[in-house]
Every structure is written in structure tokens, then in C-alpha cells.
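J.: Handing over coords18.csv, CSV, N, CA and C atoms.
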```
chain,number,residue,atom,x,y,z
O,1,MET,N,2.4,-151.9,-170.4
O,1,MET,CA,2.2,-151.9,-171.8
O,1,MET,C,3.0,-150.7,-172.5
O,2,TYR,N,3.0,-149.6,-171.8
O,2,TYR,CA,3.6,-148.4,-172.4
O,2,TYR,C,5.1,-148.3,-171.9
O,3,GLN,N,5.4,-149.0,-170.8
O,3,GLN,CA,6.7,-148.8,-170.2
O,3,GLN,C,7.9,-149.0,-171.1
O,4,THR,N,7.8,-150.0,-172.0
O,4,THR,CA,8.9,-150.3,-172.9
O,4,THR,C,9.1,-149.2,-173.9
O,5,ALA,N,8.0,-148.6,-174.4
O,5,ALA,CA,8.1,-147.5,-175.3
O,5,ALA,C,8.7,-146.3,-174.6
O,6,ILE,N,8.2,-146.1,-173.4
O,6,ILE,CA,8.7,-144.9,-172.6
O,6,ILE,C,10.2,-145.0,-172.3
O,7,ASN,N,10.7,-146.2,-171.9
O,7,ASN,CA,12.1,-146.5,-171.7
O,7,ASN,C,12.9,-146.2,-173.0
O,8,MET,N,12.4,-146.7,-174.1
O,8,MET,CA,13.1,-146.5,-175.4
O,8,MET,C,13.2,-145.1,-175.7
O,9,LYS,N,12.1,-144.3,-175.5
O,9,LYS,CA,12.1,-142.9,-175.8
O,9,LYS,C,13.1,-142.1,-174.9
O,10,LYS,N,13.1,-142.5,-173.6
O,10,LYS,CA,14.1,-141.9,-172.7
O,10,LYS,C,15.5,-142.1,-173.1
O,11,SER,N,15.8,-143.4,-173.6
O,11,SER,CA,17.1,-143.7,-174.0
O,11,SER,C,17.5,-142.9,-175.3
O,12,GLN,N,16.5,-142.8,-176.2
O,12,GLN,CA,16.7,-142.0,-177.4
O,12,GLN,C,17.0,-140.5,-177.0
O,13,ILE,N,16.3,-140.0,-176.1
O,13,ILE,CA,16.5,-138.6,-175.6
O,13,ILE,C,17.9,-138.4,-175.0
O,14,ARG,N,18.3,-139.4,-174.2
O,14,ARG,CA,19.7,-139.4,-173.6
O,14,ARG,C,20.7,-139.4,-174.7
O,15,GLY,N,20.5,-140.3,-175.7
O,15,GLY,CA,21.5,-140.3,-176.8
O,15,GLY,C,21.6,-139.0,-177.6
O,16,TYR,N,20.4,-138.4,-177.8
O,16,TYR,CA,20.4,-137.1,-178.5
O,16,TYR,C,21.1,-136.0,-177.7
O,17,LYS,N,20.8,-136.0,-176.4
O,17,LYS,CA,21.5,-135.0,-175.5
O,17,LYS,C,23.0,-135.2,-175.5
O,18,ASN,N,23.4,-136.5,-175.4
O,18,ASN,CA,24.9,-136.7,-175.4
O,18,ASN,C,25.5,-136.3,-176.7
O,19,THR,N,24.9,-136.5,-177.8
O,19,THR,CA,25.4,-136.1,-179.1
O,19,THR,C,25.4,-134.6,-179.2
O,20,LYS,N,24.3,-134.0,-178.7
O,20,LYS,CA,24.3,-132.5,-178.8
O,20,LYS,C,25.4,-131.9,-177.9
O,21,SER,N,25.6,-132.5,-176.7
O,21,SER,CA,26.7,-132.0,-175.8
O,21,SER,C,28.1,-132.2,-176.5
O,22,ARG,N,28.3,-133.3,-177.2
O,22,ARG,CA,29.5,-133.5,-177.9
O,22,ARG,C,29.7,-132.4,-179.0
O,23,LEU,N,28.6,-132.2,-179.7
O,23,LEU,CA,28.7,-131.1,-180.8
O,23,LEU,C,29.0,-129.8,-180.2
O,24,GLU,N,28.4,-129.5,-179.0
O,24,GLU,CA,28.6,-128.2,-178.4
O,24,GLU,C,30.1,-128.0,-178.0
O,25,GLY,N,30.7,-129.1,-177.5
O,25,GLY,CA,32.1,-129.1,-177.1
O,25,GLY,C,33.0,-128.9,-178.4
O,26,GLU,N,32.6,-129.6,-179.5
O,26,GLU,CA,33.4,-129.4,-180.7
O,26,GLU,C,33.2,-128.0,-181.2
O,27,GLU,N,32.0,-127.4,-181.1
O,27,GLU,CA,31.8,-126.0,-181.5
O,27,GLU,C,32.6,-125.1,-180.7
O,28,GLU,N,32.7,-125.3,-179.4
O,28,GLU,CA,33.5,-124.4,-178.6
O,28,GLU,C,35.0,-124.5,-179.0
O,29,ARG,N,35.5,-125.7,-179.2
O,29,ARG,CA,36.9,-125.8,-179.6
O,29,ARG,C,37.1,-125.2,-181.0
O,30,LEU,N,36.2,-125.3,-181.9
O,30,LEU,CA,36.3,-124.7,-183.2
O,30,LEU,C,36.3,-123.1,-183.1
O,31,GLN,N,35.4,-122.6,-182.2
O,31,GLN,CA,35.4,-121.2,-182.0
O,31,GLN,C,36.7,-120.7,-181.5
O,32,LYS,N,37.2,-121.4,-180.5
O,32,LYS,CA,38.5,-121.0,-179.9
O,32,LYS,C,39.6,-121.0,-181.0
O,33,ALA,N,39.6,-122.0,-181.8
O,33,ALA,CA,40.6,-122.1,-182.9
O,33,ALA,C,40.4,-120.9,-183.9
O,34,LYS,N,39.2,-120.6,-184.2
O,34,LYS,CA,38.9,-119.5,-185.1
O,34,LYS,C,39.4,-118.2,-184.5
O,35,ASP,N,39.0,-118.0,-183.3
O,35,ASP,CA,39.5,-116.7,-182.6
O,35,ASP,C,41.0,-116.6,-182.6
O,36,GLU,N,41.7,-117.7,-182.3
O,36,GLU,CA,43.1,-117.7,-182.3
O,36,GLU,C,43.7,-117.4,-183.7
O,37,LEU,N,43.1,-118.0,-184.7
O,37,LEU,CA,43.6,-117.8,-186.1
O,37,LEU,C,43.3,-116.3,-186.4
O,38,GLU,N,42.2,-115.8,-186.1
O,38,GLU,CA,41.9,-114.4,-186.4
O,38,GLU,C,42.9,-113.4,-185.6
O,39,THR,N,43.3,-113.8,-184.4
O,39,THR,CA,44.2,-113.0,-183.7
O,39,THR,C,45.6,-113.1,-184.3
O,40,GLN,N,46.0,-114.3,-184.7
O,40,GLN,CA,47.3,-114.4,-185.4
O,40,GLN,C,47.3,-113.7,-186.8
O,41,LYS,N,46.1,-113.7,-187.5
O,41,LYS,CA,46.0,-113.0,-188.8
O,41,LYS,C,46.2,-111.5,-188.5
O,42,ALA,N,45.5,-111.0,-187.5
O,42,ALA,CA,45.6,-109.6,-187.2
O,42,ALA,C,47.1,-109.2,-186.8
O,43,THR,N,47.7,-110.0,-186.1
O,43,THR,CA,49.1,-109.8,-185.7
O,43,THR,C,50.0,-109.8,-187.0
O,44,PHE,N,49.7,-110.8,-187.8
O,44,PHE,CA,50.4,-111.0,-189.1
O,44,PHE,C,50.2,-109.7,-190.0
O,45,ASP,N,49.0,-109.3,-190.0
O,45,ASP,CA,48.7,-108.1,-190.8
O,45,ASP,C,49.4,-106.8,-190.3
O,46,ASP,N,49.4,-106.7,-188.9
O,46,ASP,CA,50.0,-105.6,-188.3
O,46,ASP,C,51.5,-105.5,-188.4
O,47,ASN,N,52.1,-106.7,-188.7
O,47,ASN,CA,53.6,-106.7,-188.8
O,47,ASN,C,54.1,-106.2,-190.1
O,48,SER,N,54.2,-104.9,-190.2
O,48,SER,CA,54.6,-104.3,-191.4
O,48,SER,C,56.1,-104.4,-191.7
O,49,SER,N,56.9,-104.9,-190.8
O,49,SER,CA,58.3,-104.9,-191.0
O,49,SER,C,58.7,-105.9,-192.1
O,50,LEU,N,57.7,-106.8,-192.4
O,50,LEU,CA,58.0,-107.7,-193.5
O,50,LEU,C,57.9,-107.0,-194.9
O,51,THR,N,57.2,-106.0,-195.0
O,51,THR,CA,57.0,-105.3,-196.3
O,51,THR,C,57.6,-103.9,-196.3
O,52,ARG,N,58.0,-103.4,-195.2
O,52,ARG,CA,58.6,-102.0,-195.2
O,52,ARG,C,59.5,-101.9,-194.0
O,53,ASP,N,60.7,-101.5,-194.3
O,53,ASP,CA,61.7,-101.2,-193.2
O,53,ASP,C,62.0,-99.7,-193.2
O,54,PRO,N,61.5,-99.0,-192.2
O,54,PRO,CA,61.7,-97.5,-192.2
O,54,PRO,C,63.1,-97.1,-191.9
O,55,SER,N,63.9,-98.0,-191.4
O,55,SER,CA,65.3,-97.6,-191.1
O,55,SER,C,66.2,-97.5,-192.4
O,56,ILE,N,65.8,-98.1,-193.5
O,56,ILE,CA,66.5,-98.0,-194.7
O,56,ILE,C,66.1,-96.8,-195.5
O,57,THR,N,67.0,-95.9,-195.7
O,57,THR,CA,66.7,-94.6,-196.5
O,57,THR,C,66.9,-94.9,-198.0
O,58,ARG,N,66.3,-93.9,-198.8
O,58,ARG,CA,66.5,-94.0,-200.2
O,58,ARG,C,68.0,-94.0,-200.6
O,59,GLU,N,68.7,-93.2,-199.9
O,59,GLU,CA,70.2,-93.1,-200.3
O,59,GLU,C,70.9,-94.4,-200.1
O,60,GLU,N,70.5,-95.2,-199.2
O,60,GLU,CA,71.1,-96.5,-198.9
O,60,GLU,C,70.8,-97.5,-200.0
O,61,TRP,N,69.7,-97.2,-200.7
O,61,TRP,CA,69.2,-98.1,-201.8
O,61,TRP,C,69.8,-97.8,-203.1
O,62,ALA,N,70.9,-97.2,-203.2
O,62,ALA,CA,71.6,-96.8,-204.5
O,62,ALA,C,72.2,-98.0,-205.1
O,63,GLY,N,72.2,-98.0,-206.5
O,63,GLY,CA,72.9,-99.0,-207.2
O,63,GLY,C,72.3,-100.4,-207.2
O,64,THR,N,73.2,-101.4,-207.4
O,64,THR,CA,72.8,-102.8,-207.4
O,64,THR,C,72.3,-103.3,-206.1
O,65,GLU,N,72.8,-102.7,-205.0
O,65,GLU,CA,72.3,-103.1,-203.7
O,65,GLU,C,70.8,-102.8,-203.5
O,66,ALA,N,70.4,-101.7,-204.1
O,66,ALA,CA,69.0,-101.3,-204.1
O,66,ALA,C,68.1,-102.4,-204.9
O,67,ASP,N,68.7,-102.8,-206.0
O,67,ASP,CA,67.9,-103.8,-206.8
O,67,ASP,C,67.8,-105.1,-206.1
O,68,LYS,N,68.9,-105.5,-205.4
O,68,LYS,CA,68.9,-106.8,-204.6
O,68,LYS,C,67.9,-106.6,-203.5
O,69,GLN,N,67.9,-105.5,-202.9
O,69,GLN,CA,67.0,-105.2,-201.7
O,69,GLN,C,65.6,-105.3,-202.2
O,70,LYS,N,65.3,-104.6,-203.3
O,70,LYS,CA,63.9,-104.6,-203.9
O,70,LYS,C,63.5,-106.0,-204.3
O,71,ASP,N,64.3,-106.8,-204.9
O,71,ASP,CA,64.0,-108.1,-205.3
O,71,ASP,C,63.7,-109.0,-204.0
O,72,HIS,N,64.6,-108.8,-203.1
O,72,HIS,CA,64.4,-109.6,-201.8
O,72,HIS,C,63.1,-109.2,-201.2
O,73,ARG,N,62.8,-107.9,-201.1
O,73,ARG,CA,61.6,-107.4,-200.5
O,73,ARG,C,60.4,-107.8,-201.2
O,74,SER,N,60.4,-107.9,-202.6
O,74,SER,CA,59.2,-108.3,-203.3
O,74,SER,C,59.0,-109.8,-203.1
O,75,ASP,N,60.1,-110.6,-202.9
O,75,ASP,CA,60.0,-112.0,-202.6
O,75,ASP,C,59.3,-112.2,-201.2
O,76,ILE,N,59.7,-111.4,-200.3
O,76,ILE,CA,59.2,-111.4,-198.9
O,76,ILE,C,57.7,-111.0,-199.0
O,77,ARG,N,57.4,-110.0,-199.8
O,77,ARG,CA,56.0,-109.5,-199.9
O,77,ARG,C,55.1,-110.6,-200.5
O,78,GLU,N,55.7,-111.3,-201.5
O,78,GLU,CA,54.9,-112.3,-202.2
O,78,GLU,C,54.6,-113.5,-201.2
O,79,GLN,N,55.6,-113.9,-200.4
O,79,GLN,CA,55.5,-114.9,-199.4
O,79,GLN,C,54.5,-114.5,-198.4
O,80,TYR,N,54.6,-113.2,-198.0
O,80,TYR,CA,53.7,-112.6,-197.0
O,80,TYR,C,52.3,-112.7,-197.4
O,81,ASN,N,52.0,-112.3,-198.7
O,81,ASN,CA,50.7,-112.3,-199.2
O,81,ASN,C,50.1,-113.7,-199.3
O,82,SER,N,51.0,-114.6,-199.7
O,82,SER,CA,50.6,-116.0,-199.8
O,82,SER,C,50.2,-116.6,-198.5
O,83,CYS,N,51.0,-116.3,-197.4
O,83,CYS,CA,50.7,-116.8,-196.1
O,83,CYS,C,49.4,-116.2,-195.6
O,84,GLY,N,49.2,-114.9,-195.9
O,84,GLY,CA,48.0,-114.2,-195.5
O,84,GLY,C,46.7,-114.9,-196.1
O,85,ASP,N,46.9,-115.2,-197.4
O,85,ASP,CA,45.8,-115.9,-198.1
O,85,ASP,C,45.5,-117.3,-197.5
O,86,LYS,N,46.6,-118.0,-197.1
O,86,LYS,CA,46.4,-119.3,-196.5
O,86,LYS,C,45.7,-119.2,-195.2
O,87,ILE,N,46.1,-118.2,-194.4
O,87,ILE,CA,45.4,-118.1,-193.1
O,87,ILE,C,44.0,-117.8,-193.3
O,88,ASP,N,43.7,-116.9,-194.3
O,88,ASP,CA,42.3,-116.6,-194.6
O,88,ASP,C,41.5,-117.8,-195.0
O,89,ARG,N,42.1,-118.7,-195.8
O,89,ARG,CA,41.5,-120.0,-196.3
O,89,ARG,C,41.2,-120.9,-195.1
O,90,VAL,N,42.1,-121.0,-194.2
O,90,VAL,CA,42.0,-121.8,-193.0
O,90,VAL,C,40.8,-121.3,-192.1
O,91,ILE,N,40.8,-120.0,-191.9
O,91,ILE,CA,39.7,-119.3,-191.2
O,91,ILE,C,38.4,-119.6,-191.8
O,92,GLY,N,38.3,-119.6,-193.1
O,92,GLY,CA,37.1,-119.9,-193.9
O,92,GLY,C,36.7,-121.4,-193.6
O,93,TRP,N,37.6,-122.3,-193.6
O,93,TRP,CA,37.3,-123.7,-193.4
O,93,TRP,C,36.8,-123.9,-192.0
O,94,VAL,N,37.4,-123.2,-191.0
O,94,VAL,CA,37.0,-123.4,-189.6
O,94,VAL,C,35.6,-122.8,-189.5
O,95,GLN,N,35.3,-121.7,-190.2
O,95,GLN,CA,34.0,-121.1,-190.1
O,95,GLN,C,32.9,-122.0,-190.7
O,96,ASP,N,33.3,-122.7,-191.8
O,96,ASP,CA,32.4,-123.7,-192.4
O,96,ASP,C,32.1,-124.8,-191.5
O,97,ALA,N,33.1,-125.3,-190.8
O,97,ALA,CA,33.0,-126.4,-189.8
O,97,ALA,C,32.1,-125.9,-188.7
O,98,LEU,N,32.3,-124.7,-188.2
O,98,LEU,CA,31.5,-124.1,-187.2
O,98,LEU,C,30.0,-124.0,-187.6
O,99,THR,N,29.8,-123.6,-188.8
O,99,THR,CA,28.4,-123.5,-189.3
O,99,THR,C,27.7,-124.9,-189.3
O,100,ASN,N,28.5,-125.9,-189.7
O,100,ASN,CA,27.9,-127.2,-189.8
O,100,ASN,C,27.6,-127.7,-188.4
O,101,LYS,N,28.5,-127.5,-187.4
O,101,LYS,CA,28.3,-127.9,-186.0
O,101,LYS,C,27.1,-127.2,-185.5
O,102,ARG,N,26.9,-125.9,-185.7
O,102,ARG,CA,25.8,-125.2,-185.2
O,102,ARG,C,24.5,-125.7,-185.8
O,103,GLN,N,24.5,-126.1,-187.1
O,103,GLN,CA,23.3,-126.7,-187.7
O,103,GLN,C,23.0,-128.0,-187.1
O,104,GLY,N,24.0,-128.8,-186.8
O,104,GLY,CA,23.8,-130.1,-186.1
O,104,GLY,C,23.2,-129.9,-184.7
O,105,ILE,N,23.7,-128.9,-184.0
O,105,ILE,CA,23.2,-128.6,-182.7
O,105,ILE,C,21.7,-128.2,-182.8
O,106,ARG,N,21.4,-127.4,-183.7
O,106,ARG,CA,20.0,-127.0,-183.9
O,106,ARG,C,19.1,-128.2,-184.2
O,107,GLU,N,19.6,-129.1,-185.1
O,107,GLU,CA,18.8,-130.3,-185.4
O,107,GLU,C,18.6,-131.2,-184.2
O,108,TYR,N,19.7,-131.3,-183.4
O,108,TYR,CA,19.5,-132.2,-182.2
O,108,TYR,C,18.6,-131.5,-181.2
O,109,THR,N,18.7,-130.2,-181.1
O,109,THR,CA,17.8,-129.5,-180.2
O,109,THR,C,16.3,-129.7,-180.6
O,110,ASN,N,16.1,-129.6,-181.9
O,110,ASN,CA,14.7,-129.9,-182.4
O,110,ASN,C,14.3,-131.3,-182.2
O,111,ALA,N,15.2,-132.3,-182.4
O,111,ALA,CA,14.9,-133.7,-182.2
O,111,ALA,C,14.6,-134.0,-180.7
O,112,ILE,N,15.4,-133.4,-179.8
O,112,ILE,CA,15.2,-133.6,-178.4
O,112,ILE,C,13.8,-133.1,-178.0
O,113,GLY,N,13.4,-131.9,-178.5
O,113,GLY,CA,12.1,-131.3,-178.2
O,113,GLY,C,11.0,-132.2,-178.7
O,114,PHE,N,11.1,-132.7,-179.9
O,114,PHE,CA,10.1,-133.6,-180.5
O,114,PHE,C,10.0,-134.9,-179.7
O,115,ALA,N,11.2,-135.5,-179.4
O,115,ALA,CA,11.2,-136.7,-178.6
O,115,ALA,C,10.6,-136.5,-177.2
O,116,GLU,N,10.9,-135.4,-176.6
O,116,GLU,CA,10.3,-135.1,-175.3
O,116,GLU,C,8.8,-135.0,-175.4
O,117,ARG,N,8.3,-134.4,-176.4
O,117,ARG,CA,6.8,-134.3,-176.6
O,117,ARG,C,6.2,-135.6,-176.8
O,118,GLN,N,6.9,-136.5,-177.6
O,118,GLN,CA,6.4,-137.9,-177.8
O,118,GLN,C,6.4,-138.6,-176.5
O,119,LEU,N,7.4,-138.4,-175.7
O,119,LEU,CA,7.5,-139.1,-174.4
O,119,LEU,C,6.4,-138.6,-173.5
O,120,SER,N,6.1,-137.3,-173.5
O,120,SER,CA,5.0,-136.8,-172.7
O,120,SER,C,3.7,-137.4,-173.1
O,121,VAL,N,3.5,-137.6,-174.4
O,121,VAL,CA,2.2,-138.2,-174.9
O,121,VAL,C,2.2,-139.7,-174.4
O,122,LEU,N,3.3,-140.4,-174.5
O,122,LEU,CA,3.3,-141.8,-174.0
O,122,LEU,C,3.0,-141.9,-172.5
O,123,GLU,N,3.6,-141.0,-171.8
O,123,GLU,CA,3.4,-141.0,-170.3
O,123,GLU,C,1.9,-140.7,-170.0
O,124,GLY,N,1.3,-139.8,-170.7
O,124,GLY,CA,-0.1,-139.5,-170.6
O,124,GLY,C,-1.0,-140.7,-170.9
O,125,GLN,N,-0.6,-141.3,-172.0
O,125,GLN,CA,-1.4,-142.5,-172.3
O,125,GLN,C,-1.2,-143.6,-171.3
O,126,GLN,N,0.0,-143.7,-170.7
O,126,GLN,CA,0.2,-144.7,-169.7
O,126,GLN,C,-0.6,-144.4,-168.5
O,127,ARG,N,-0.7,-143.1,-168.1
O,127,ARG,CA,-1.5,-142.7,-166.9
O,127,ARG,C,-3.0,-143.1,-167.1
O,128,LYS,N,-3.5,-142.7,-168.3
O,128,LYS,CA,-4.9,-143.0,-168.6
O,128,LYS,C,-5.1,-144.5,-168.6
O,129,TRP,N,-4.2,-145.3,-169.1
O,129,TRP,CA,-4.3,-146.8,-169.2
O,129,TRP,C,-4.4,-147.3,-167.7
O,130,LYS,N,-3.4,-146.8,-166.9
O,130,LYS,CA,-3.4,-147.3,-165.5
O,130,LYS,C,-4.7,-146.8,-164.7
O,131,ALA,N,-5.1,-145.6,-165.0
O,131,ALA,CA,-6.4,-145.1,-164.4
O,131,ALA,C,-7.6,-146.0,-164.8
O,132,ALA,N,-7.6,-146.4,-166.1
O,132,ALA,CA,-8.7,-147.2,-166.6
O,132,ALA,C,-8.6,-148.6,-165.9
O,133,LEU,N,-7.4,-149.1,-165.8
O,133,LEU,CA,-7.3,-150.4,-165.1
O,133,LEU,C,-7.7,-150.4,-163.7
O,134,SER,N,-7.3,-149.3,-162.9
O,134,SER,CA,-7.6,-149.3,-161.5
O,134,SER,C,-9.1,-149.0,-161.3
O,135,SER,N,-9.8,-148.3,-162.2
O,135,SER,CA,-11.2,-148.0,-162.1
O,135,SER,C,-12.1,-149.2,-162.5
O,136,SER,N,-11.5,-150.1,-163.3
O,136,SER,CA,-12.3,-151.2,-163.7
O,136,SER,C,-12.3,-152.3,-162.6
O,137,ASP,N,-11.3,-152.2,-161.7
O,137,ASP,CA,-11.2,-153.2,-160.6
O,137,ASP,C,-12.3,-153.1,-159.7
```
I'd like the structure from this file rewritten - as C-alpha cells, please.
T.:
Amino acid sequence: MYQTAINMKKSQIRGYKNTKSRLEGEEERLQKAKDELETQKATFDDNSSLTRDPSITREEWAGTEADKQKDHRSDIREQYNSCGDKIDRVIGWVQDALTNKRQGIREYTNAIGFAERQLSVLEGQQRKWKAALSSSD
């Protein structure tokens, strides 16, 4: 009598565990991607050669060459800042995805716990039912 419900509950728990496992794998991949992006961002931020070249002295920057150099350097700085902002946005998106995965994992963990408690109740009812059947014989 209870066996069908027990089997269905076990199947449901297996499905929940498989989904939770898949989410954990996705979370791990997202965390690695975020770590890699943060490492690249740190390297990008540390690379000051894009915004400052210490080998060029003020004397070398005389006249129109200095203006060209300054314009070129401001273009590079603008592009540099734009790229930094883009990396920050991507890191934010990955963090949002990570947060969603972690929420999903929590929800599946709770669902598994609830389903396991329901299964335990069903198995207890089945034991009582079998005991009642065997004692009535």
C-alpha cells in the first residue's frame, strides 16, 4: 500500500539530489571564472605602463610631439578605463549568477531534507501497517 508512495518519494529525492549536484558543479565553474576575472582585473590594474611611461622625460615631451603623446596617452587611458569598467561589469554579472546558483542549492537542500522527512514518515507508516497485518494473522 505504501510502497508506491515510498518509491515515488525516493525518485523525487534522487531528482533533487541530481539537480543540486548539477547546480554545485555550475557554482564551482562560476567561482573559477570569477576568480580568474578578478586575477585578470588585478593584473590589468597593476599594469601601469598603459597610463604612464617612466622612460619618457619631460624634456622629450617638448613641442607638438608632447601634444601628440598626451593625446595618444589620454586615448589609451580612456580605453583602459573603459576596459576596466567592462571587466568590473562582467565580474558583477558572474557574482549575480553565483548568488542565484547558491540560492538554488539552498532551496534544493531544503527540499531534499523535507522530502527525506516525508519518506521517513511513509516508511514508518508502512512498518506500522505491516506490523498490524502480521499481528492480525
J.: Which distance in Å separates atom CA of Gly124 of chain O and atom CA of Asn18 of chain O, to one decimal?
T.: 25.6 Å
J.: Grab the atom CA of Ile87 of chain O to atom CA of Lys41 of chain O distance for me, in Å with one decimal place.
T.: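 Taking atom CA of Ile87 of chain O and atom CA of Lys41 of chain O, their separation equals 6.7 Å.
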J.: Distance atom N of Gln95 of chain O-atom CA of Thr109 of chain O, one decimal place?
T.: 21.6 Å
J.: Do you know which residues are at most 6.5 Å from Ile105 of chain O counting only N, CA and C atoms, after dropping those on the same chain fewer than 3 positions away, and could you put them as a list in words?
T.: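 Selected residues are Lys20, Leu23, Glu24, Asn100, Lys101, Arg102, Tyr108, Thr109 and Asn110 of chain O.
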J.: Compile the contact shell of segment 88-93 of chain O as a PyMOL selection string: residues with an atom at most 7 Å away, counting all atoms listed in the file, same-chain residues fewer than 4 positions apart removed.
T.: chain O and resi 34+37-38+83-84+97-98
J.: Show which residues sit within 8 Å of Met1 of chain O, as a PyMOL selection string. Count all atoms listed in the file, and ignore same-chain residues fewer than 4 positions away.
T.: chain O and resi 5-6+126
